[in-house]
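Pasted below: target_0.txt, compact mmCIF, C-alpha atoms.
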# COMPACT_ATOMS: atom_id res chain seq x y z
CA MET U 30 -8.86 21.40 -3.73
CA ARG U 31 -6.31 19.92 -6.14
CA SER U 32 -3.30 20.84 -4.01
CA GLU U 33 -5.03 19.49 -0.87
CA VAL U 34 -5.52 16.12 -2.57
CA ASN U 35 -1.92 16.11 -3.82
CA ARG U 36 -0.72 16.87 -0.31
CA LEU U 37 -2.99 14.23 1.26
CA PHE U 38 -1.60 11.41 -0.88
CA VAL U 39 1.99 12.60 -0.40
CA VAL U 40 1.41 12.65 3.37
CA LEU U 41 -0.26 9.21 3.31
CA GLY U 42 2.60 7.85 1.20
CA ALA U 43 5.25 9.29 3.48
CA LEU U 44 3.54 8.04 6.65
CA ASN U 45 3.06 4.59 5.15
CA GLY U 46 6.68 4.56 4.05
CA ALA U 47 7.77 5.31 7.60
CA LEU U 48 5.41 2.67 8.97
CA ALA U 49 6.71 0.08 6.50
CA VAL U 50 10.29 0.78 7.58
CA MET U 51 9.31 0.51 11.25
CA LEU U 52 7.46 -2.76 10.66
CA GLY U 53 10.37 -4.08 8.62
CA ALA U 54 12.76 -3.32 11.47
CA PHE U 55 10.33 -4.89 13.95
CA GLY U 56 10.16 -8.02 11.81
CA ALA U 57 13.93 -8.23 11.39
CA HIS U 58 14.84 -7.54 15.00
CA GLY U 59 11.80 -8.26 17.14
CA LEU U 60 10.24 -11.24 15.41
CA GLU U 61 13.28 -13.06 14.09
CA ASN U 62 13.36 -15.53 16.98
CA GLN U 63 9.61 -15.46 17.60
CA LEU U 64 8.23 -16.66 14.26
CA SER U 65 8.85 -19.65 12.07
CA GLU U 66 10.84 -19.00 8.92
CA ARG U 67 7.61 -19.35 6.90
CA MET U 68 5.69 -16.81 8.98
CA LEU U 69 8.66 -14.44 8.96
CA ALA U 70 8.61 -14.64 5.15
CA VAL U 71 4.89 -13.84 5.19
CA PHE U 72 5.56 -10.81 7.38
CA ARG U 73 8.38 -9.67 5.06
CA THR U 74 6.09 -9.97 2.05
CA GLY U 75 3.61 -7.71 3.84
CA VAL U 76 6.37 -5.17 4.49
CA ASP U 77 7.54 -5.33 0.86
CA TYR U 78 4.10 -4.69 -0.58
CA HIS U 79 3.38 -2.07 2.06
CA PHE U 80 6.49 -0.15 1.06
CA TYR U 81 5.95 -0.50 -2.69
CA HIS U 82 2.49 0.95 -2.33
CA ALA U 83 3.62 3.70 0.01
CA LEU U 84 5.77 4.78 -2.96
CA GLY U 85 2.69 4.37 -5.16
CA LEU U 86 0.76 6.77 -2.90
CA LEU U 87 3.61 9.27 -3.28
CA ALA U 88 3.42 8.84 -7.06
CA VAL U 89 -0.32 9.51 -7.02
CA GLY U 90 0.14 12.63 -4.92
CA LEU U 91 2.94 13.97 -7.09
CA ALA U 92 1.13 13.12 -10.34
CA ALA U 93 -2.18 14.66 -9.33
CA GLY U 94 -1.09 18.12 -10.44
CA PRO U 95 0.27 17.52 -13.93
CA LEU U 96 -1.80 14.50 -14.96
CA GLY U 97 -5.47 14.60 -14.19
CA PRO U 98 -8.25 13.65 -14.52
CA LEU U 99 -8.28 13.76 -10.76
CA ARG U 100 -11.12 11.26 -10.36
CA ARG U 101 -8.93 8.39 -11.60
CA LEU U 102 -6.00 9.50 -9.48
CA HIS U 103 -8.14 9.83 -6.36
CA ALA U 104 -9.49 6.33 -6.93
CA ALA U 105 -5.95 5.02 -7.49
CA GLY U 106 -4.76 6.57 -4.25
CA TRP U 107 -7.65 5.26 -2.18
CA LEU U 108 -7.29 1.80 -3.71
CA MET U 109 -3.58 1.76 -2.87
CA LEU U 110 -4.34 2.69 0.70
CA ALA U 111 -7.08 0.06 0.89
CA GLY U 112 -4.68 -2.50 -0.54
CA ILE U 113 -2.07 -1.67 2.09
CA VAL U 114 -4.61 -2.11 4.87
CA ILE U 115 -6.20 -5.26 3.45
CA PHE U 116 -3.24 -7.06 1.83
CA ALA U 117 -0.33 -6.08 4.05
CA GLY U 118 -2.52 -5.94 7.14
CA THR U 119 -3.77 -9.46 6.51
CA LEU U 120 -0.22 -10.77 6.07
CA TYR U 121 0.91 -9.04 9.26
CA ALA U 122 -2.02 -10.55 11.15
CA LEU U 123 -1.40 -14.04 9.73
CA ALA U 124 2.29 -13.91 10.57
CA LEU U 125 1.51 -12.83 14.13
CA GLY U 126 -0.87 -15.73 14.73
CA GLY U 127 -4.16 -14.52 13.30
CA PRO U 128 -6.68 -17.07 12.07
CA GLY U 129 -5.90 -18.85 8.82
CA TRP U 130 -9.13 -17.68 7.15
CA LEU U 131 -7.54 -14.22 6.90
CA GLY U 132 -5.54 -15.60 3.98
CA ALA U 133 -8.73 -15.59 1.93
CA ILE U 134 -9.00 -11.80 2.36
CA ALA U 135 -5.52 -10.95 1.04
CA PRO U 136 -6.52 -11.27 -2.65
CA ILE U 137 -9.02 -8.45 -2.16
CA GLY U 138 -6.12 -6.20 -1.21
CA GLY U 139 -4.08 -7.51 -4.13
CA THR U 140 -6.92 -6.70 -6.48
CA ALA U 141 -7.08 -3.19 -5.03
CA PHE U 142 -3.35 -2.79 -5.78
CA ILE U 143 -3.79 -3.95 -9.37
CA LEU U 144 -6.75 -1.65 -9.98
CA ALA U 145 -4.87 1.27 -8.44
CA TRP U 146 -1.90 0.85 -10.78
CA LEU U 147 -4.23 0.47 -13.78
CA LEU U 148 -6.09 3.66 -12.83
CA LEU U 149 -2.79 5.50 -12.45
CA ALA U 150 -1.80 4.32 -15.94
CA ALA U 151 -5.21 5.32 -17.33
CA ALA U 152 -4.86 8.78 -15.82
CA ALA U 153 -1.42 9.15 -17.40
CA MET U 154 -2.66 7.99 -20.81
CA SER U 155 -5.66 10.29 -20.81
CA ARG U 156 -3.70 13.40 -19.87
CA ARG U 157 -5.49 16.54 -20.96

Starting from the file, give its structure as structure tokens.
Amino acid sequence: MRSEVNRLFVVLGALNGALAVMLGAFGAHGLENQLSERMLAVFRTGVDYHFYHALGLLAVGLAAGPLGPLRRLHAAGWLMLAGIVIFAGTLYALALGGPGWLGAIAPIGGTAFILAWLLLAAAAMSRR
């Protein structure tokens, strides 16, 4: 079970890393003349946070073996993934013309990111 969870978060991190690079390239080359400078900056912020947390997912997957307790690491990984979907996804949608009320949802994703990093730290500090 432990190695399956490690592998899952490494795979999720790697796939999200690839997706962040693809979306970054799309923003730089496909949206440059389509969006205002402000909305392009919003899109780039989504890509930045997406990529940072793809690396965070990799860290969770790689740390799951030596650190434990797994419960905190699992929660950290799922919160990072939720944050990517909610925070970065909201910024992507806003930049591409989604309704303005989506901006109110982004802090939920940001909170998920913060909690994920805190849980990763707690798991590291409580190493058995």

To one decimal place, how far is atom CA of U:Phe38 from atom CA of U:Leu148 in Å?
14.9 Å

Which is closer to U:Val114 than all the others in U:Met68, U:Leu48, U:Ala92, U:Leu149, using only C-alpha atoms?
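With only C-alpha atoms as the atom set, the closest residue is U:Leu48.
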
Just how far from atom CA of U:Leu84 is atom CA of U:Gly42, in Å to one decimal?
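Computing the Euclidean distance for atom CA of U:Gly42 and atom CA of U:Leu84 yields 6.1 Å.
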
Counting only C-alpha atoms, the residue of U:Leu52, U:Ala93, U:Val39, U:Leu108 that sits nearest U:Trp146:
U:Leu108

Write out as an MDAnalysis selection string the residues lying within 9 Å of U:Phe80, counting only C-alpha atoms and excluding same-chain residues fewer than 6 positions away.
chainID U and resid 42 45:50 113

If we count all atoms listed in the file, what is near stretch 117-134 of chain U at a cut-off of 8 Å, once residues fewer than 4 positions away on the same chain are taken out, given as JSON, numbers by chain?
{"U": [64, 68, 69, 71, 72, 74, 75, 76, 78, 79, 112, 113, 138]}

Using all atoms listed in the file: which of U:Val34, U:Leu60, U:Val40, U:Ala152 has the shortest distance to U:Leu87:
U:Val40
